[in-house]
Structures are given as C-alpha cells and as structure tokens.
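K.L.:
So that you have it, the file is run24.pdb, and it contains PDB, C-alpha atoms, pLDDT in the B column:
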```pdb
ATOM      1  CA  MET A   1      70.695 100.735 105.552  1.00 55.00           C
ATOM      2  CA  PRO A   2      71.290  97.775 103.200  1.00 56.00           C
ATOM      3  CA  GLU A   3      68.797  94.941 103.238  1.00 60.00           C
ATOM      4  CA  LEU A   4      70.148  91.763 104.839  1.00 59.00           C
ATOM      5  CA  ALA A   5      70.401  88.789 102.535  1.00 54.00           C
ATOM      6  CA  ARG A   6      68.182  85.884 103.433  1.00 59.00           C
ATOM      7  CA  PRO A   7      69.852  82.448 103.645  1.00 57.00           C
ATOM      8  CA  THR A   8      67.805  81.212 100.677  1.00 58.00           C
ATOM      9  CA  ASP A   9      69.150  84.082  98.548  1.00 56.00           C
ATOM     10  CA  GLN A  10      72.671  82.793  99.119  1.00 55.00           C
ATOM     11  CA  LEU A  11      71.887  79.301  97.882  1.00 60.00           C
ATOM     12  CA  LYS A  12      72.490  78.365  94.287  1.00 64.00           C
ATOM     13  CA  ARG A  13      69.064  77.977  92.746  1.00 65.00           C
ATOM     14  CA  GLU A  14      68.635  74.927  90.568  1.00 78.00           C
ATOM     15  CA  GLU A  15      65.724  72.917  89.384  1.00 86.00           C
ATOM     16  CA  TYR A  16      65.944  69.399  90.672  1.00 88.00           C
ATOM     17  CA  THR A  17      64.230  66.557  88.885  1.00 89.00           C
ATOM     18  CA  ALA A  18      62.215  63.655  90.235  1.00 91.00           C
ATOM     19  CA  GLU A  19      65.227  61.484  89.417  1.00 91.00           C
ATOM     20  CA  ASP A  20      67.402  63.684  91.640  1.00 89.00           C
ATOM     21  CA  PHE A  21      64.947  63.282  94.507  1.00 90.00           C
ATOM     22  CA  SER A  22      64.801  59.524  93.940  1.00 92.00           C
ATOM     23  CA  ARG A  23      68.606  59.362  94.255  1.00 92.00           C
ATOM     24  CA  ILE A  24      68.442  61.478  97.404  1.00 91.00           C
ATOM     25  CA  ARG A  25      65.809  59.215  98.952  1.00 91.00           C
ATOM     26  CA  GLU A  26      67.697  56.048  98.033  1.00 92.00           C
ATOM     27  CA  SER A  27      71.098  57.264  99.234  1.00 93.00           C
ATOM     28  CA  CYS A  28      70.118  59.321 102.305  1.00 94.00           C
ATOM     29  CA  VAL A  29      71.658  57.854 105.453  1.00 92.00           C
ATOM     30  CA  ALA A  30      68.911  59.215 107.725  1.00 92.00           C
ATOM     31  CA  THR A  31      66.116  57.937 105.493  1.00 93.00           C
ATOM     32  CA  ASN A  32      67.570  54.466 105.135  1.00 92.00           C
ATOM     33  CA  ILE A  33      68.443  54.031 108.794  1.00 91.00           C
ATOM     34  CA  GLY A  34      64.994  55.347 109.738  1.00 93.00           C
ATOM     35  CA  ARG A  35      63.278  52.855 107.419  1.00 94.00           C
ATOM     36  CA  ALA A  36      65.364  49.988 108.755  1.00 93.00           C
ATOM     37  CA  ASN A  37      64.620  51.067 112.320  1.00 93.00           C
ATOM     38  CA  ARG A  38      60.874  51.066 111.673  1.00 95.00           C
ATOM     39  CA  ILE A  39      60.935  47.657 109.976  1.00 95.00           C
ATOM     40  CA  ILE A  40      63.094  45.963 112.600  1.00 95.00           C
ATOM     41  CA  GLY A  41      61.354  47.851 115.421  1.00 95.00           C
ATOM     42  CA  ARG A  42      58.003  46.368 114.374  1.00 96.00           C
ATOM     43  CA  ILE A  43      59.460  42.860 114.651  1.00 97.00           C
ATOM     44  CA  TYR A  44      60.526  43.449 118.259  1.00 97.00           C
ATOM     45  CA  GLU A  45      57.330  45.311 119.177  1.00 96.00           C
ATOM     46  CA  GLU A  46      55.310  42.359 117.895  1.00 96.00           C
ATOM     47  CA  ALA A  47      57.496  39.940 119.853  1.00 96.00           C
ATOM     48  CA  PHE A  48      56.998  41.840 123.130  1.00 96.00           C
ATOM     49  CA  ARG A  49      53.303  42.638 122.620  1.00 94.00           C
ATOM     50  CA  ASP A  50      52.099  39.686 124.740  1.00 92.00           C
ATOM     51  CA  MET A  51      54.383  40.876 127.540  1.00 91.00           C
ATOM     52  CA  SER A  52      52.819  44.372 127.342  1.00 92.00           C
ATOM     53  CA  ILE A  53      56.267  45.856 127.030  1.00 94.00           C
ATOM     54  CA  SER A  54      57.857  47.978 124.330  1.00 94.00           C
ATOM     55  CA  SER A  55      61.249  47.435 122.768  1.00 93.00           C
ATOM     56  CA  PRO A  56      62.732  50.556 124.460  1.00 92.00           C
ATOM     57  CA  GLN A  57      61.345  49.350 127.806  1.00 94.00           C
ATOM     58  CA  PHE A  58      62.968  45.951 127.249  1.00 96.00           C
ATOM     59  CA  GLU A  59      66.264  47.718 126.511  1.00 95.00           C
ATOM     60  CA  LEU A  60      65.888  49.690 129.740  1.00 95.00           C
ATOM     61  CA  LEU A  61      65.258  46.491 131.733  1.00 96.00           C
ATOM     62  CA  VAL A  62      68.333  44.903 130.124  1.00 96.00           C
ATOM     63  CA  SER A  63      70.405  47.961 131.076  1.00 96.00           C
ATOM     64  CA  LEU A  64      69.253  47.676 134.679  1.00 96.00           C
ATOM     65  CA  LYS A  65      70.025  43.957 134.688  1.00 96.00           C
ATOM     66  CA  ILE A  66      73.558  44.753 133.506  1.00 96.00           C
ATOM     67  CA  LYS A  67      74.046  47.679 135.892  1.00 95.00           C
ATOM     68  CA  PRO A  68      71.567  47.797 138.788  1.00 93.00           C
ATOM     69  CA  GLY A  69      71.392  51.091 140.634  1.00 92.00           C
ATOM     70  CA  SER A  70      71.863  53.219 137.507  1.00 93.00           C
ATOM     71  CA  THR A  71      70.752  56.818 137.355  1.00 91.00           C
ATOM     72  CA  ALA A  72      68.543  58.091 134.521  1.00 91.00           C
ATOM     73  CA  GLY A  73      71.609  59.765 133.031  1.00 91.00           C
ATOM     74  CA  GLU A  74      73.580  56.528 133.079  1.00 93.00           C
ATOM     75  CA  ILE A  75      70.695  54.676 131.454  1.00 95.00           C
ATOM     76  CA  ALA A  76      70.363  57.377 128.791  1.00 94.00           C
ATOM     77  CA  GLU A  77      74.081  57.188 128.073  1.00 93.00           C
ATOM     78  CA  ALA A  78      74.121  53.378 127.923  1.00 92.00           C
ATOM     79  CA  THR A  79      71.100  53.203 125.614  1.00 91.00           C
ATOM     80  CA  ARG A  80      71.883  56.399 123.663  1.00 90.00           C
ATOM     81  CA  ALA A  81      68.320  57.455 124.417  1.00 90.00           C
ATOM     82  CA  ASP A  82      66.969  60.900 125.071  1.00 90.00           C
ATOM     83  CA  PRO A  83      66.715  61.546 128.848  1.00 87.00           C
ATOM     84  CA  SER A  84      63.005  62.387 128.486  1.00 89.00           C
ATOM     85  CA  THR A  85      62.415  58.986 126.838  1.00 91.00           C
ATOM     86  CA  VAL A  86      64.261  57.260 129.676  1.00 92.00           C
ATOM     87  CA  SER A  87      62.199  59.196 132.208  1.00 90.00           C
ATOM     88  CA  ARG A  88      58.914  58.335 130.482  1.00 93.00           C
ATOM     89  CA  ASN A  89      59.804  54.642 130.228  1.00 93.00           C
ATOM     90  CA  THR A  90      61.103  54.353 133.790  1.00 94.00           C
ATOM     91  CA  ASP A  91      57.905  56.007 135.053  1.00 94.00           C
ATOM     92  CA  LEU A  92      55.802  53.459 133.132  1.00 95.00           C
ATOM     93  CA  LEU A  93      57.893  50.574 134.453  1.00 96.00           C
ATOM     94  CA  ILE A  94      57.675  51.914 138.018  1.00 96.00           C
ATOM     95  CA  LYS A  95      53.860  52.068 137.708  1.00 96.00           C
ATOM     96  CA  ARG A  96      53.884  48.425 136.586  1.00 96.00           C
ATOM     97  CA  ASP A  97      56.137  47.528 139.562  1.00 97.00           C
ATOM     98  CA  LEU A  98      58.913  46.299 137.246  1.00 97.00           C
ATOM     99  CA  VAL A  99      61.401  48.950 138.340  1.00 97.00           C
ATOM    100  CA  THR A 100      61.947  50.627 141.667  1.00 95.00           C
ATOM    101  CA  VAL A 101      63.450  54.036 142.298  1.00 92.00           C
ATOM    102  CA  THR A 102      65.315  55.221 145.366  1.00 87.00           C
ATOM    103  CA  GLN A 103      67.027  58.454 146.237  1.00 73.00           C
ATOM    104  CA  CYS A 104      70.748  58.406 146.692  1.00 66.00           C
ATOM    105  CA  THR A 105      71.678  59.006 150.324  1.00 66.00           C
ATOM    106  CA  LYS A 106      74.470  61.464 149.417  1.00 74.00           C
ATOM    107  CA  ASP A 107      72.405  63.651 147.112  1.00 73.00           C
ATOM    108  CA  ARG A 108      68.628  63.439 147.483  1.00 73.00           C
ATOM    109  CA  ARG A 109      68.166  64.800 143.938  1.00 77.00           C
ATOM    110  CA  VAL A 110      69.849  61.736 142.458  1.00 80.00           C
ATOM    111  CA  ARG A 111      67.518  58.809 141.852  1.00 86.00           C
ATOM    112  CA  VAL A 112      68.744  55.308 141.128  1.00 92.00           C
ATOM    113  CA  TYR A 113      66.769  52.533 139.474  1.00 94.00           C
ATOM    114  CA  CYS A 114      66.712  48.782 140.033  1.00 95.00           C
ATOM    115  CA  LEU A 115      64.624  45.880 138.808  1.00 96.00           C
ATOM    116  CA  THR A 116      61.943  44.632 141.173  1.00 96.00           C
ATOM    117  CA  PRO A 117      61.311  40.885 141.533  1.00 96.00           C
ATOM    118  CA  ALA A 118      58.484  41.326 138.980  1.00 97.00           C
ATOM    119  CA  GLY A 119      60.937  43.122 136.681  1.00 96.00           C
ATOM    120  CA  GLU A 120      63.416  40.260 137.059  1.00 96.00           C
ATOM    121  CA  LYS A 121      60.693  37.764 136.152  1.00 96.00           C
ATOM    122  CA  THR A 122      59.488  39.874 133.200  1.00 96.00           C
ATOM    123  CA  ILE A 123      62.939  40.179 131.673  1.00 96.00           C
ATOM    124  CA  GLN A 124      63.426  36.413 131.963  1.00 96.00           C
ATOM    125  CA  LEU A 125      60.062  35.823 130.262  1.00 96.00           C
ATOM    126  CA  CYS A 126      60.989  38.288 127.488  1.00 96.00           C
ATOM    127  CA  ILE A 127      64.204  36.505 126.521  1.00 97.00           C
ATOM    128  CA  PRO A 128      62.525  33.770 124.406  1.00 97.00           C
ATOM    129  CA  GLN A 129      60.498  36.464 122.603  1.00 96.00           C
ATOM    130  CA  TRP A 130      63.652  38.492 122.064  1.00 97.00           C
ATOM    131  CA  LYS A 131      65.395  35.424 120.618  1.00 97.00           C
ATOM    132  CA  LYS A 132      62.544  34.941 118.126  1.00 97.00           C
ATOM    133  CA  ALA A 133      62.657  38.598 117.093  1.00 97.00           C
ATOM    134  CA  GLN A 134      66.439  38.483 116.825  1.00 96.00           C
ATOM    135  CA  LYS A 135      66.293  35.393 114.608  1.00 96.00           C
ATOM    136  CA  LYS A 136      63.619  36.952 112.373  1.00 96.00           C
ATOM    137  CA  SER A 137      65.593  40.205 112.107  1.00 96.00           C
ATOM    138  CA  LEU A 138      68.803  38.384 111.212  1.00 95.00           C
ATOM    139  CA  ARG A 139      66.948  36.434 108.503  1.00 95.00           C
ATOM    140  CA  LYS A 140      65.768  39.751 107.017  1.00 93.00           C
ATOM    141  CA  ILE A 141      69.224  41.356 107.156  1.00 93.00           C
ATOM    142  CA  GLY A 142      71.301  38.266 106.481  1.00 93.00           C
ATOM    143  CA  ARG A 143      73.685  36.923 109.092  1.00 88.00           C
ATOM    144  CA  GLY A 144      76.738  37.724 106.982  1.00 90.00           C
ATOM    145  CA  ASP A 145      75.561  41.274 106.268  1.00 93.00           C
ATOM    146  CA  TRP A 146      74.749  41.821 109.938  1.00 93.00           C
ATOM    147  CA  VAL A 147      78.459  41.710 110.823  1.00 92.00           C
ATOM    148  CA  GLY A 148      79.132  44.745 108.590  1.00 92.00           C
ATOM    149  CA  VAL A 149      75.947  46.545 109.642  1.00 91.00           C
ATOM    150  CA  ARG A 150      76.759  46.018 113.318  1.00 92.00           C
ATOM    151  CA  ARG A 151      80.296  47.316 112.792  1.00 92.00           C
ATOM    152  CA  ALA A 152      78.912  50.439 111.098  1.00 90.00           C
ATOM    153  CA  MET A 153      76.303  50.975 113.836  1.00 88.00           C
ATOM    154  CA  ARG A 154      78.977  50.744 116.532  1.00 90.00           C
ATOM    155  CA  LYS A 155      80.908  53.541 114.819  1.00 90.00           C
ATOM    156  CA  LEU A 156      77.786  55.694 114.922  1.00 85.00           C
ATOM    157  CA  VAL A 157      77.034  55.209 118.615  1.00 81.00           C
ATOM    158  CA  ARG A 158      80.550  55.764 119.961  1.00 79.00           C
TER     159      ARG A 158
END
```
I need this file expressed as structure tokens, please.

P.N.:
Amino acid sequence: MPELARPTDQLKREEYTAEDFSRIRESCVATNIGRANRIIGRIYEEAFRDMSISSPQFELLVSLKIKPGSTAGEIAEATRADPSTVSRNTDLLIKRDLVTVTQCTKDRRVRVYCLTPAGEKTIQLCIPQWKKAQKKSLRKIGRGDWVGVRRAMRKLVR
C-alpha cells in the first residue's frame, strides 16, 4: 500500500527571509485589522470604564435600543458577534439589571431581550463617553480617511 502524502510534502519548500516576513506582517489584512481593533478598542474601553461596561456590552445595549424585543440570534446578526459572546454579554447585563429577558409566548424556547429602566439610563449616560471615544478615534484615523475605511468595513460585514 503506498504511503499517503502529507499536506506539507505537497507544498513548495522555500526559505523565506526576515524581509519576507516583514512584508507579510505589514500587508496582512488580518494582522492590520486586528491591530487597529485593539488600538481603537482600548479607546472605547477606557471611555466606558467608569460606567463599568465594555464596548461590546454598549453595542448590545444600542442594538436593543434600536430593536427592543430582539432574540439572541437577531442581536448576533445585527452586531456580527458570535452567539456565545452575545449570550455571555446578555447574561452579564441581566445580572446588572440593565437588560431583561422574557420567553416568547408562541415558542417557550425563544427568549427576547429588552432594556430595563436602568439599561435605558445607562445607555443615555454612556453617550457622552461614546462621543469622546468617537472623537479621539477619528483624530487617530483622520476624518477624511475614515470615510474610506468605513466604506471598506461595510463591504466586509455585508
């Protein structure tokens, strides 16, 4: 019986230089978007720190303000978040009495989420902090460049 070729045997073997790896690191879409996400994410995390809320939790509250009575699946789709992340964040917000959950009367397995009065107040209090973070982020990116970046990001999340 012939030995099966391993995937690495099928690859062209070359020696790559440090310069090659530098070009990869500088041009890699995933690396660059990840770096930008970490840098900008820290700005928003810092802005919301006094509110004891994370940036993804703020996004979840905003989603529920836009569409109250959303399911976890609808929130995940709207935010392009992993359902487990949505679940973890909704659970934390429920414990803090910022979000309430009810079962749908038609299908008891379906749970819908809404902001509580405390959640409504929290999101209102977060807006000035969000504005500061937004302004700081736009200064870093450049308002003119943001138009192109935003256009590119919208293509990615469609």

K.L.:
Starting from 8 Å padding per side, set up an axis-aligned box that covers all listed atoms of region 126-133 of chain A and hand over centre and edge lengths in Å, one decimal, as JSON.

P.N.:
```
{"center_x": 62.9, "center_y": 36.2, "center_z": 122.3, "size_x": 20.9, "size_y": 20.8, "size_z": 26.4}
```

K.L.:
Applying 12 Å and all atoms listed in the file, which residues near Lys132 (chain A) remain after dropping the ones on its own chain fewer than 2 positions away? List them as a list in words.

P.N.:
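My reading of the contact set: Ile43, Tyr44, Glu45, Glu46, Ala47, Phe48, Cys126, Ile127, Pro128, Gln129, Trp130, Gln134, Lys135, Lys136, Ser137, Leu138 and Arg139 of chain A.
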
K.L.:
Please provide the set of residues having any atom within 10 Å of Leu61 (chain A), restricted to all atoms listed in the file, with same-chain residues fewer than 6 positions apart removed, written as a ChimeraX atom specification.

P.N.:
/A:55,67-68,75,89-90,93,98-99,113-115,119-120,122-123

K.L.:
Compare A:Tyr16, A:Gln124, A:Leu92, A:Asp107 by their minimum atom-to-atom distance to Lys65 (chain A), counting only C-alpha atoms, and give me the closest one.

P.N.:
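Nearest to Lys65 (chain A): A:Gln124.
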
K.L.:
Tell me which residues the PyMOL selection byres ((chain A and resi 76-81) around 9) grabs here, as a PDB file with C-alpha atoms, in the frame of the given file.

P.N.:
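File produced: part36.pdb:
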```
ATOM      1  CA  PRO A  56      62.732  50.556 124.460  1.00 92.00           C
ATOM      2  CA  GLU A  59      66.264  47.718 126.511  1.00 95.00           C
ATOM      3  CA  LEU A  60      65.888  49.690 129.740  1.00 95.00           C
ATOM      4  CA  SER A  63      70.405  47.961 131.076  1.00 96.00           C
ATOM      5  CA  THR A  71      70.752  56.818 137.355  1.00 91.00           C
ATOM      6  CA  ALA A  72      68.543  58.091 134.521  1.00 91.00           C
ATOM      7  CA  GLY A  73      71.609  59.765 133.031  1.00 91.00           C
ATOM      8  CA  GLU A  74      73.580  56.528 133.079  1.00 93.00           C
ATOM      9  CA  ILE A  75      70.695  54.676 131.454  1.00 95.00           C
ATOM     10  CA  ASP A  82      66.969  60.900 125.071  1.00 90.00           C
ATOM     11  CA  PRO A  83      66.715  61.546 128.848  1.00 87.00           C
ATOM     12  CA  SER A  84      63.005  62.387 128.486  1.00 89.00           C
ATOM     13  CA  THR A  85      62.415  58.986 126.838  1.00 91.00           C
ATOM     14  CA  VAL A  86      64.261  57.260 129.676  1.00 92.00           C
ATOM     15  CA  VAL A 157      77.034  55.209 118.615  1.00 81.00           C
TER      16      VAL A 157
END
```

K.L.:
Measuring between only C-alpha atoms, which one of A:Thr102, A:Thr17, A:Ser27, A:Asn32 shows the shortest distance to Gly69 (chain A)?

P.N.:
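Of A:Thr102, A:Thr17, A:Ser27, A:Asn32, the one nearest Gly69 (chain A) is A:Thr102, counting only C-alpha atoms.
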
K.L.:
May I ask for the distance between CA of Arg143 (chain A) and CA of Gln57 (chain A), given in Å to one decimal place?

P.N.:
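Straight-line distance from CA of Arg143 (chain A) to CA of Gln57 (chain A) works out to 25.6 Å.
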
K.L.:
To one decimal in Å, tell me the separation between CA of Lys131 (chain A) and CA of Ala118 (chain A).

P.N.:
20.5 Å

K.L.:
Please measure the separation of CA of Ile39 (chain A) and CA of Val149 (chain A), giving the value in Å to one decimal.

P.N.:
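Computed distance, CA of Ile39 (chain A) to CA of Val149 (chain A), equals 15.1 Å.
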
K.L.:
In terms of the shortest atom-to-atom distance over all atoms listed in the file, which of A:Ala133, A:Ile24, A:Val101, A:Ala152 is closest to Arg49 (chain A)?

P.N.:
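Among A:Ala133, A:Ile24, A:Val101, A:Ala152, it is A:Ala133 that comes nearest to Arg49 (chain A).
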
K.L.:
Counting only C-alpha atoms, figure out which residue out of A:Arg150, A:Arg25, A:Arg96, A:Lys155 gets nearest to Met51 (chain A).

P.N.:
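For Met51 (chain A), the nearest of the candidates is A:Arg96.
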
K.L.:
Identify, on the basis of only C-alpha atoms, every residue whose closest approach to Val29 (chain A) does not exceed 12 Å; exclude the query and any residue fewer than 6 positions from it along the same chain; express the result as a VMD selection string.

P.N.:
chain A and resid 23 35 to 37 152 to 153 156
